[in-house]
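All remarks here apply to the structure that follows.
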Amino acid sequence: MAGDAKGGDELVFKPMDQFKVEPFFGSGDVAWYTISNATVWMALAVLCIFALLVLGSSKRSIVPSRIQSIAELAYGFIHKMVEDICGKEGLKYFPYIMTLFMFIVFSNFLGLIPTAFTPTSHIAVTVIMAMAVFLTVTILGFVKHGAGFLSVFWISSAPLALRPILALIEVISYFVRPVSHSIRLAGNMMAGHAVIKVFAAFAPLVLISTGIGLVVTPLSIIAITAIYALEVLVSFIQAYVFTILTCVYLKDALHPHH
Amino acid sequence: MADENLVDKTATDIGEPTVSEPGMPQLDFTTWDNQIFWLVMALIATYFILSRVALPRIGGVLAERQGTISNDIAAAEDLKAKAVDAEAAYDKALVDARSEAGRIVAEAKAEIQADLNVAIAKADEEIAAKSAESEKAIAEIRAGALESVKEVAKDTAKEIVAAMGGKADAKTVNAAVTARMKG
(Lines give C-alpha, C1' and ligand atoms only; values in the text may rest on other atoms or scores of the structure.)
Protein backbone atom coordinates (compact mmCIF):
# COMPACT_ATOMS: atom_id res chain seq x y z
CA MET A 1 0.00 0.00 0.00
CA ALA A 2 1.14 3.47 -0.77
CA GLY A 3 -0.40 4.47 2.54
CA ASP A 4 2.20 2.51 4.54
CA ALA A 5 3.75 5.24 6.62
CA LYS A 6 7.51 4.97 6.45
CA GLY A 7 8.14 6.93 9.55
CA GLY A 8 4.95 5.70 11.21
CA ASP A 9 3.73 9.21 11.90
CA GLU A 10 2.80 10.63 8.53
CA LEU A 11 0.79 9.71 5.47
CA VAL A 12 2.66 8.72 2.34
CA PHE A 13 1.30 9.90 -0.97
CA LYS A 14 2.76 7.97 -3.87
CA PRO A 15 -0.19 7.79 -6.25
CA MET A 16 1.99 7.54 -9.34
CA ASP A 17 4.34 4.82 -8.11
CA GLN A 18 1.93 2.13 -9.31
CA PHE A 19 2.65 3.20 -12.89
CA LYS A 20 6.40 2.66 -12.65
CA VAL A 21 7.78 0.23 -15.17
CA GLU A 22 10.31 -1.97 -13.40
CA PRO A 23 12.02 -5.26 -14.12
CA PHE A 24 9.78 -8.08 -12.92
CA PHE A 25 12.73 -10.23 -11.85
CA GLY A 26 15.41 -8.51 -9.81
CA SER A 27 16.18 -4.87 -10.29
CA GLY A 28 18.15 -2.60 -12.53
CA ASP A 29 17.49 -0.81 -15.78
CA VAL A 30 14.63 -1.59 -18.10
CA ALA A 31 15.99 -2.49 -21.52
CA TRP A 32 13.71 -3.13 -24.48
CA TYR A 33 13.90 -6.92 -23.97
CA THR A 34 13.59 -6.90 -20.15
CA ILE A 35 10.68 -8.83 -18.70
CA SER A 36 9.09 -5.92 -16.88
CA ASN A 37 5.90 -5.70 -14.87
CA ALA A 38 4.32 -4.29 -18.04
CA THR A 39 5.40 -7.43 -19.91
CA VAL A 40 3.92 -9.70 -17.27
CA TRP A 41 0.55 -7.99 -17.18
CA MET A 42 0.33 -7.82 -20.97
CA ALA A 43 1.15 -11.54 -21.06
CA LEU A 44 -1.56 -12.18 -18.47
CA ALA A 45 -4.04 -10.28 -20.64
CA VAL A 46 -3.08 -12.47 -23.61
CA LEU A 47 -3.43 -15.60 -21.45
CA CYS A 48 -6.88 -14.48 -20.29
CA ILE A 49 -7.93 -13.85 -23.88
CA PHE A 50 -6.66 -17.32 -24.76
CA ALA A 51 -8.50 -18.86 -21.81
CA LEU A 52 -11.77 -17.12 -22.58
CA LEU A 53 -11.91 -17.34 -26.35
CA VAL A 54 -9.99 -20.54 -27.07
CA LEU A 55 -10.39 -22.75 -24.00
CA GLY A 56 -13.86 -21.37 -23.35
CA SER A 57 -15.08 -22.33 -26.80
CA SER A 58 -13.15 -25.62 -27.06
CA LYS A 59 -16.27 -27.75 -26.70
CA ARG A 60 -18.05 -25.98 -29.59
CA SER A 61 -21.34 -26.70 -27.86
CA ILE A 62 -24.57 -25.90 -29.64
CA VAL A 63 -25.96 -25.13 -26.20
CA PRO A 64 -23.07 -23.08 -24.77
CA SER A 65 -21.54 -23.33 -21.34
CA ARG A 66 -21.27 -20.14 -19.28
CA ILE A 67 -17.75 -19.30 -20.37
CA GLN A 68 -18.57 -20.08 -24.00
CA SER A 69 -21.57 -17.76 -23.68
CA ILE A 70 -19.26 -14.96 -22.58
CA ALA A 71 -16.89 -15.67 -25.48
CA GLU A 72 -19.82 -15.64 -27.91
CA LEU A 73 -21.16 -12.47 -26.33
CA ALA A 74 -17.80 -10.72 -26.83
CA TYR A 75 -17.61 -12.01 -30.40
CA GLY A 76 -21.16 -10.95 -31.20
CA PHE A 77 -20.71 -7.56 -29.53
CA ILE A 78 -17.69 -6.54 -31.62
CA HIS A 79 -18.88 -8.31 -34.76
CA LYS A 80 -22.16 -6.38 -34.64
CA MET A 81 -20.33 -3.13 -33.90
CA VAL A 82 -18.05 -3.55 -36.92
CA GLU A 83 -20.92 -4.56 -39.17
CA ASP A 84 -23.20 -1.74 -38.00
CA ILE A 85 -20.58 0.99 -38.39
CA CYS A 86 -18.35 -0.16 -41.26
CA GLY A 87 -20.83 -2.31 -43.16
CA LYS A 88 -20.25 -5.76 -44.59
CA GLU A 89 -16.88 -4.92 -46.15
CA GLY A 90 -15.63 -3.81 -42.72
CA LEU A 91 -15.92 -7.39 -41.45
CA LYS A 92 -12.61 -8.16 -43.15
CA TYR A 93 -10.97 -6.09 -40.40
CA PHE A 94 -12.99 -7.67 -37.59
CA PRO A 95 -10.03 -9.74 -36.23
CA TYR A 96 -7.89 -6.59 -35.89
CA ILE A 97 -10.61 -4.69 -34.06
CA MET A 98 -11.39 -7.70 -31.89
CA THR A 99 -7.68 -7.94 -31.02
CA LEU A 100 -7.64 -4.32 -29.87
CA PHE A 101 -10.85 -4.64 -27.89
CA MET A 102 -9.95 -7.87 -26.14
CA PHE A 103 -6.45 -6.65 -25.27
CA ILE A 104 -7.67 -3.33 -23.90
CA VAL A 105 -10.59 -4.77 -21.97
CA PHE A 106 -8.45 -7.45 -20.32
CA SER A 107 -5.61 -5.03 -19.57
CA ASN A 108 -8.11 -2.67 -17.97
CA PHE A 109 -9.83 -5.31 -15.87
CA LEU A 110 -6.62 -7.07 -14.80
CA GLY A 111 -5.29 -3.65 -13.80
CA LEU A 112 -8.14 -3.39 -11.29
CA ILE A 113 -6.65 -6.21 -9.24
CA PRO A 114 -4.93 -4.59 -6.26
CA THR A 115 -1.14 -4.30 -6.77
CA ALA A 116 -1.60 -4.99 -10.47
CA PHE A 117 0.03 -3.01 -13.25
CA THR A 118 -2.20 -1.51 -15.94
CA PRO A 119 -0.52 -1.49 -19.38
CA THR A 120 -3.30 0.66 -20.83
CA SER A 121 -2.60 3.43 -18.31
CA HIS A 122 0.61 4.11 -20.20
CA ILE A 123 0.71 6.53 -23.08
CA ALA A 124 3.41 4.41 -24.70
CA VAL A 125 0.90 1.60 -25.09
CA THR A 126 -2.12 3.63 -26.13
CA VAL A 127 -0.13 5.81 -28.53
CA ILE A 128 1.16 2.75 -30.36
CA MET A 129 -2.35 1.35 -30.67
CA ALA A 130 -3.80 4.71 -31.71
CA MET A 131 -1.02 5.31 -34.23
CA ALA A 132 -1.47 1.81 -35.60
CA VAL A 133 -5.16 2.56 -36.14
CA PHE A 134 -4.42 6.00 -37.58
CA LEU A 135 -1.78 4.76 -40.03
CA THR A 136 -3.81 1.72 -41.05
CA VAL A 137 -6.88 3.83 -41.70
CA THR A 138 -4.97 6.50 -43.62
CA ILE A 139 -3.02 4.04 -45.78
CA LEU A 140 -6.11 1.93 -46.36
CA GLY A 141 -8.06 5.01 -47.39
CA PHE A 142 -5.50 6.03 -49.98
CA VAL A 143 -5.03 2.46 -51.23
CA LYS A 144 -8.77 1.96 -51.66
CA HIS A 145 -9.75 5.37 -53.02
CA GLY A 146 -6.51 7.06 -54.12
CA ALA A 147 -6.83 10.81 -54.04
CA GLY A 148 -10.57 10.33 -53.62
CA PHE A 149 -9.88 9.64 -49.96
CA LEU A 150 -9.25 13.38 -49.57
CA SER A 151 -12.99 13.91 -50.03
CA VAL A 152 -13.29 12.90 -46.39
CA PHE A 153 -12.19 16.49 -45.67
CA TRP A 154 -14.51 18.07 -48.24
CA ILE A 155 -17.99 18.26 -46.74
CA SER A 156 -20.11 18.31 -49.89
CA SER A 157 -23.33 18.79 -47.92
CA ALA A 158 -22.12 22.14 -46.51
CA PRO A 159 -22.55 25.49 -48.31
CA LEU A 160 -19.75 26.07 -50.83
CA ALA A 161 -18.39 29.14 -49.04
CA LEU A 162 -17.97 27.22 -45.81
CA ARG A 163 -16.26 24.21 -47.33
CA PRO A 164 -12.63 25.47 -47.28
CA ILE A 165 -12.95 26.45 -43.61
CA LEU A 166 -14.59 23.15 -42.78
CA ALA A 167 -11.87 21.36 -44.72
CA LEU A 168 -9.23 23.05 -42.60
CA ILE A 169 -11.06 22.06 -39.43
CA GLU A 170 -11.50 18.53 -40.72
CA VAL A 171 -7.80 18.19 -41.51
CA ILE A 172 -6.83 19.42 -38.05
CA SER A 173 -9.33 17.13 -36.37
CA TYR A 174 -8.12 14.25 -38.50
CA PHE A 175 -4.57 14.64 -37.24
CA VAL A 176 -5.69 15.21 -33.67
CA ARG A 177 -7.52 11.88 -33.75
CA PRO A 178 -4.58 9.66 -32.68
CA VAL A 179 -3.80 12.08 -29.85
CA SER A 180 -7.30 12.13 -28.42
CA HIS A 181 -7.71 8.43 -29.18
CA SER A 182 -4.66 7.48 -27.10
CA ILE A 183 -4.81 10.12 -24.33
CA ARG A 184 -8.46 9.36 -23.64
CA LEU A 185 -7.76 5.73 -22.75
CA ALA A 186 -4.48 6.27 -20.89
CA GLY A 187 -5.81 9.33 -19.07
CA ASN A 188 -8.97 7.58 -17.90
CA MET A 189 -7.12 4.54 -16.65
CA MET A 190 -4.39 6.59 -14.98
CA ALA A 191 -6.75 9.06 -13.31
CA GLY A 192 -8.94 6.38 -11.77
CA HIS A 193 -6.05 4.37 -10.42
CA ALA A 194 -4.34 7.48 -9.08
CA VAL A 195 -7.52 8.65 -7.33
CA ILE A 196 -7.95 5.24 -5.71
CA LYS A 197 -4.35 5.45 -4.50
CA VAL A 198 -4.87 8.94 -3.08
CA PHE A 199 -7.89 7.76 -1.09
CA ALA A 200 -5.89 4.70 -0.03
CA ALA A 201 -3.21 7.01 1.32
CA PHE A 202 -5.79 8.63 3.62
CA ALA A 203 -7.10 5.28 4.87
CA PRO A 204 -4.44 4.61 7.58
CA LEU A 205 -5.02 8.03 9.20
CA VAL A 206 -6.72 6.37 12.19
CA LEU A 207 -3.37 4.77 13.08
CA ILE A 208 -1.75 8.20 13.30
CA SER A 209 -4.44 10.47 14.63
CA THR A 210 -7.29 8.55 16.24
CA GLY A 211 -9.64 11.50 16.59
CA ILE A 212 -9.92 12.74 13.01
CA GLY A 213 -8.92 9.29 11.70
CA LEU A 214 -12.20 7.78 12.93
CA VAL A 215 -13.99 10.01 10.45
CA VAL A 216 -11.51 10.06 7.60
CA THR A 217 -10.60 6.36 7.49
CA PRO A 218 -14.16 5.01 6.94
CA LEU A 219 -14.86 7.82 4.49
CA SER A 220 -11.77 7.06 2.45
CA ILE A 221 -12.55 3.33 2.43
CA ILE A 222 -16.07 4.09 1.21
CA ALA A 223 -14.58 6.42 -1.38
CA ILE A 224 -12.16 3.69 -2.56
CA THR A 225 -15.10 1.31 -2.94
CA ALA A 226 -17.13 3.86 -4.87
CA ILE A 227 -14.25 4.85 -7.17
CA TYR A 228 -13.45 1.18 -7.69
CA ALA A 229 -17.03 0.54 -8.84
CA LEU A 230 -16.75 3.52 -11.16
CA GLU A 231 -13.44 2.18 -12.46
CA VAL A 232 -15.03 -1.17 -13.31
CA LEU A 233 -17.48 0.75 -15.46
CA VAL A 234 -14.74 2.94 -16.94
CA SER A 235 -12.60 -0.10 -17.75
CA PHE A 236 -15.29 -1.46 -20.01
CA ILE A 237 -16.50 1.87 -21.37
CA GLN A 238 -13.01 3.02 -22.37
CA ALA A 239 -12.31 -0.26 -24.16
CA TYR A 240 -15.66 0.15 -25.88
CA VAL A 241 -14.95 3.78 -26.80
CA PHE A 242 -11.51 2.96 -28.17
CA THR A 243 -12.99 0.16 -30.28
CA ILE A 244 -15.98 2.09 -31.56
CA LEU A 245 -13.76 5.04 -32.53
CA THR A 246 -11.52 2.62 -34.40
CA CYS A 247 -14.61 1.42 -36.27
CA VAL A 248 -15.65 4.99 -37.03
CA TYR A 249 -12.18 5.84 -38.39
CA LEU A 250 -12.19 2.64 -40.41
CA LYS A 251 -15.55 3.63 -41.86
CA ASP A 252 -13.96 6.86 -43.12
CA ALA A 253 -11.32 4.83 -44.93
CA LEU A 254 -13.89 2.48 -46.47
CA HIS A 255 -16.51 5.13 -47.31
CA PRO A 256 -14.81 8.55 -47.42
CA HIS A 257 -17.82 10.20 -49.09
CA HIS A 258 -20.14 11.52 -46.44
CA MET B 1 19.60 0.91 -4.51
CA ALA B 2 21.98 3.68 -5.43
CA ASP B 3 19.29 5.17 -7.62
CA GLU B 4 16.78 5.08 -4.82
CA ASN B 5 19.13 6.87 -2.48
CA LEU B 6 19.77 9.45 -5.15
CA VAL B 7 16.06 9.92 -5.70
CA ASP B 8 15.42 10.21 -1.99
CA LYS B 9 18.18 12.71 -1.70
CA THR B 10 16.81 14.76 -4.55
CA ALA B 11 13.35 14.61 -3.09
CA THR B 12 14.67 15.77 0.24
CA ASP B 13 16.39 18.64 -1.46
CA ILE B 14 13.10 19.63 -3.07
CA GLY B 15 11.44 19.48 0.32
CA GLU B 16 8.89 16.69 -0.28
CA PRO B 17 10.25 13.87 1.83
CA THR B 18 7.38 11.45 1.42
CA VAL B 19 6.41 12.02 -2.20
CA SER B 20 8.03 9.82 -4.82
CA GLU B 21 10.10 11.22 -7.64
CA PRO B 22 8.29 14.01 -9.44
CA GLY B 23 6.61 13.53 -12.78
CA MET B 24 4.62 10.76 -14.34
CA PRO B 25 6.18 7.35 -14.97
CA GLN B 26 4.20 7.48 -18.24
CA LEU B 27 6.55 10.19 -19.48
CA ASP B 28 9.69 8.27 -18.59
CA PHE B 29 10.72 7.61 -22.15
CA THR B 30 13.45 5.15 -21.13
CA THR B 31 10.76 2.54 -20.58
CA TRP B 32 8.93 3.18 -23.84
CA ASP B 33 11.01 0.79 -25.96
CA ASN B 34 10.34 -2.00 -23.48
CA GLN B 35 6.59 -1.33 -23.40
CA ILE B 36 6.32 -0.90 -27.14
CA PHE B 37 8.25 -4.09 -27.84
CA TRP B 38 6.15 -6.20 -25.47
CA LEU B 39 2.93 -4.50 -26.57
CA VAL B 40 3.64 -5.40 -30.18
CA MET B 41 4.44 -8.98 -29.11
CA ALA B 42 1.22 -9.16 -27.10
CA LEU B 43 -0.89 -7.74 -29.92
CA ILE B 44 0.65 -10.09 -32.48
CA ALA B 45 0.07 -13.05 -30.14
CA THR B 46 -3.51 -11.94 -29.54
CA TYR B 47 -4.08 -11.42 -33.24
CA PHE B 48 -2.87 -14.91 -34.11
CA ILE B 49 -4.82 -16.51 -31.29
CA LEU B 50 -7.96 -14.74 -32.44
CA SER B 51 -7.64 -14.98 -36.22
CA ARG B 52 -6.30 -18.55 -36.36
CA VAL B 53 -8.27 -20.28 -33.63
CA ALA B 54 -10.78 -18.35 -31.59
CA LEU B 55 -12.75 -16.29 -34.10
CA PRO B 56 -13.22 -18.99 -36.78
CA ARG B 57 -14.26 -21.42 -34.09
CA ILE B 58 -16.73 -19.11 -32.37
CA GLY B 59 -18.05 -17.90 -35.73
CA GLY B 60 -18.48 -21.52 -36.76
CA VAL B 61 -20.32 -22.39 -33.57
CA LEU B 62 -22.63 -19.40 -33.98
CA ALA B 63 -23.33 -20.24 -37.64
CA GLU B 64 -23.92 -23.87 -36.76
CA ARG B 65 -26.32 -22.87 -34.00
CA GLN B 66 -28.12 -20.52 -36.36
CA GLY B 67 -28.37 -23.36 -38.87
CA THR B 68 -29.67 -25.77 -36.25
CA ILE B 69 -32.23 -23.27 -35.06
CA SER B 70 -33.49 -22.50 -38.56
CA ASN B 71 -33.59 -26.22 -39.38
CA ASP B 72 -35.54 -26.91 -36.23
CA ILE B 73 -37.94 -24.07 -36.97
CA ALA B 74 -38.39 -25.33 -40.54
CA ALA B 75 -38.99 -28.85 -39.25
CA ALA B 76 -41.47 -27.52 -36.70
CA GLU B 77 -43.31 -25.62 -39.42
CA ASP B 78 -43.33 -28.73 -41.55
CA LEU B 79 -44.81 -30.77 -38.71
CA LYS B 80 -47.33 -28.03 -38.04
CA ALA B 81 -48.41 -28.06 -41.69
CA LYS B 82 -48.71 -31.85 -41.49
CA ALA B 83 -50.81 -31.56 -38.36
CA VAL B 84 -53.09 -29.04 -40.07
CA ASP B 85 -53.40 -31.39 -43.06
CA ALA B 86 -54.17 -34.28 -40.77
CA GLU B 87 -56.81 -32.23 -39.00
CA ALA B 88 -58.38 -31.24 -42.32
CA ALA B 89 -58.37 -34.89 -43.44
CA TYR B 90 -59.94 -35.91 -40.16
CA ASP B 91 -62.62 -33.23 -40.46
CA LYS B 92 -63.33 -34.27 -44.03
CA ALA B 93 -63.58 -37.93 -42.98
CA LEU B 94 -65.94 -36.91 -40.21
CA VAL B 95 -68.15 -34.94 -42.58
CA ASP B 96 -68.11 -37.81 -45.10
CA ALA B 97 -69.00 -40.30 -42.42
CA ARG B 98 -71.85 -38.07 -41.23
CA SER B 99 -73.31 -37.65 -44.71
CA GLU B 100 -72.90 -41.38 -45.37
CA ALA B 101 -74.68 -42.14 -42.14
CA GLY B 102 -77.45 -39.74 -43.06
CA ARG B 103 -77.76 -41.32 -46.46
CA ILE B 104 -77.92 -44.83 -44.97
CA VAL B 105 -80.54 -43.74 -42.48
CA ALA B 106 -82.62 -42.15 -45.24
CA GLU B 107 -82.30 -45.30 -47.37
CA ALA B 108 -83.29 -47.52 -44.52
CA LYS B 109 -86.21 -45.28 -43.75
CA ALA B 110 -87.36 -45.34 -47.37
CA GLU B 111 -87.04 -49.14 -47.50
CA ILE B 112 -88.96 -49.56 -44.31
CA GLN B 113 -91.60 -47.14 -45.56
CA ALA B 114 -91.91 -49.10 -48.82
CA ASP B 115 -92.19 -52.39 -46.97
CA LEU B 116 -94.72 -50.86 -44.66
CA ASN B 117 -96.76 -49.50 -47.55
CA VAL B 118 -96.82 -52.90 -49.23
CA ALA B 119 -97.78 -54.58 -45.99
CA ILE B 120 -100.51 -52.01 -45.33
CA ALA B 121 -101.83 -52.38 -48.85
CA LYS B 122 -101.88 -56.15 -48.52
CA ALA B 123 -103.52 -55.94 -45.15
CA ASP B 124 -106.11 -53.51 -46.52
CA GLU B 125 -106.79 -55.86 -49.39
CA GLU B 126 -107.16 -58.79 -47.09
CA ILE B 127 -109.41 -56.82 -44.84
CA ALA B 128 -111.47 -55.74 -47.80
CA ALA B 129 -111.71 -59.34 -49.04
CA LYS B 130 -112.63 -60.60 -45.62
CA SER B 131 -115.27 -57.95 -45.11
CA ALA B 132 -116.73 -58.60 -48.56
CA GLU B 133 -116.89 -62.28 -47.74
CA SER B 134 -118.47 -61.53 -44.42
CA GLU B 135 -121.00 -59.23 -46.00
CA LYS B 136 -121.89 -61.92 -48.45
CA ALA B 137 -122.25 -64.41 -45.66
CA ILE B 138 -124.38 -61.98 -43.73
CA ALA B 139 -126.53 -61.33 -46.76
CA GLU B 140 -126.94 -65.06 -47.27
CA ILE B 141 -127.79 -65.52 -43.66
CA ARG B 142 -130.24 -62.64 -43.84
CA ALA B 143 -131.84 -64.00 -46.97
CA GLY B 144 -132.02 -67.42 -45.40
CA ALA B 145 -133.55 -65.96 -42.31
CA LEU B 146 -136.19 -64.06 -44.32
CA GLU B 147 -137.15 -67.22 -46.16
CA SER B 148 -137.41 -69.12 -42.94
CA VAL B 149 -139.53 -66.38 -41.39
CA LYS B 150 -141.85 -66.55 -44.39
CA GLU B 151 -142.12 -70.29 -44.10
CA VAL B 152 -142.71 -70.07 -40.39
CA ALA B 153 -145.22 -67.29 -40.80
CA LYS B 154 -147.13 -69.18 -43.44
CA ASP B 155 -147.13 -72.37 -41.40
CA THR B 156 -148.09 -70.50 -38.24
CA ALA B 157 -150.84 -68.61 -40.03
CA LYS B 158 -152.20 -71.91 -41.43
CA GLU B 159 -152.05 -73.49 -38.00
CA ILE B 160 -153.73 -70.49 -36.39
CA VAL B 161 -156.43 -70.46 -39.05
CA ALA B 162 -156.89 -74.21 -38.55
CA ALA B 163 -156.99 -73.78 -34.82
CA MET B 164 -159.54 -71.04 -35.11
CA GLY B 165 -161.62 -73.57 -36.87
CA GLY B 166 -161.42 -72.13 -40.21
CA LYS B 167 -160.71 -73.92 -43.23
CA ALA B 168 -157.45 -72.78 -44.38
CA ASP B 169 -156.95 -72.39 -48.01
CA ALA B 170 -153.22 -72.73 -48.38
CA LYS B 171 -153.03 -70.44 -51.36
CA THR B 172 -154.95 -67.61 -49.78
CA VAL B 173 -153.05 -67.81 -46.56
CA ASN B 174 -149.80 -67.75 -48.34
CA ALA B 175 -150.84 -64.76 -50.39
CA ALA B 176 -152.07 -62.95 -47.28
CA VAL B 177 -148.85 -63.64 -45.41
CA THR B 178 -146.73 -62.51 -48.32
CA ALA B 179 -148.77 -59.39 -48.65
CA ARG B 180 -148.46 -58.67 -44.95
CA MET B 181 -144.71 -59.26 -44.95
CA LYS B 182 -144.24 -56.88 -47.73
CA GLY B 183 -146.09 -54.53 -45.53
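Following the order of the C-alpha coordinates, first chain is A, next is B, and so on, with residues numbered from 1 inside each chain and ligands from 1 in the order they appear.
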- Item | Neighbours of chain A in chain B at 10 Å, counting only C-alpha atoms, as a PyMOL selection string | chain B and resi 1+3+17-66+68-69
Which of chain B end up as alpha helix (DSSP H) when DSSP is run on this backbone - answer as a ChimeraX atom specification? /B:2-14,32-48,55-163,170-182
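Residue nearest B:Leu146 within the list B:Lys130, B:Lys171, B:Arg103, B:Lys182: B:Lys182 [criterion: smallest interatomic distance, only C-alpha atoms].
With atom CA of B:Asn117 on one side and atom CA of B:Ala129 on the other, the separation reads 18.0 Å.
Atom pair atom CA of A:Thr118 / atom CA of A:Phe24: separated by 14.0 Å.
Counting from atom CA of A:Leu230, the distance to atom CA of A:Ala130 is 24.3 Å.
Minimum atom-to-atom distance to B:Glu151, evaluated using only C-alpha atoms, belongs to B:Val177 out of B:Ile73, B:Ala93, B:Ile120, B:Val177.
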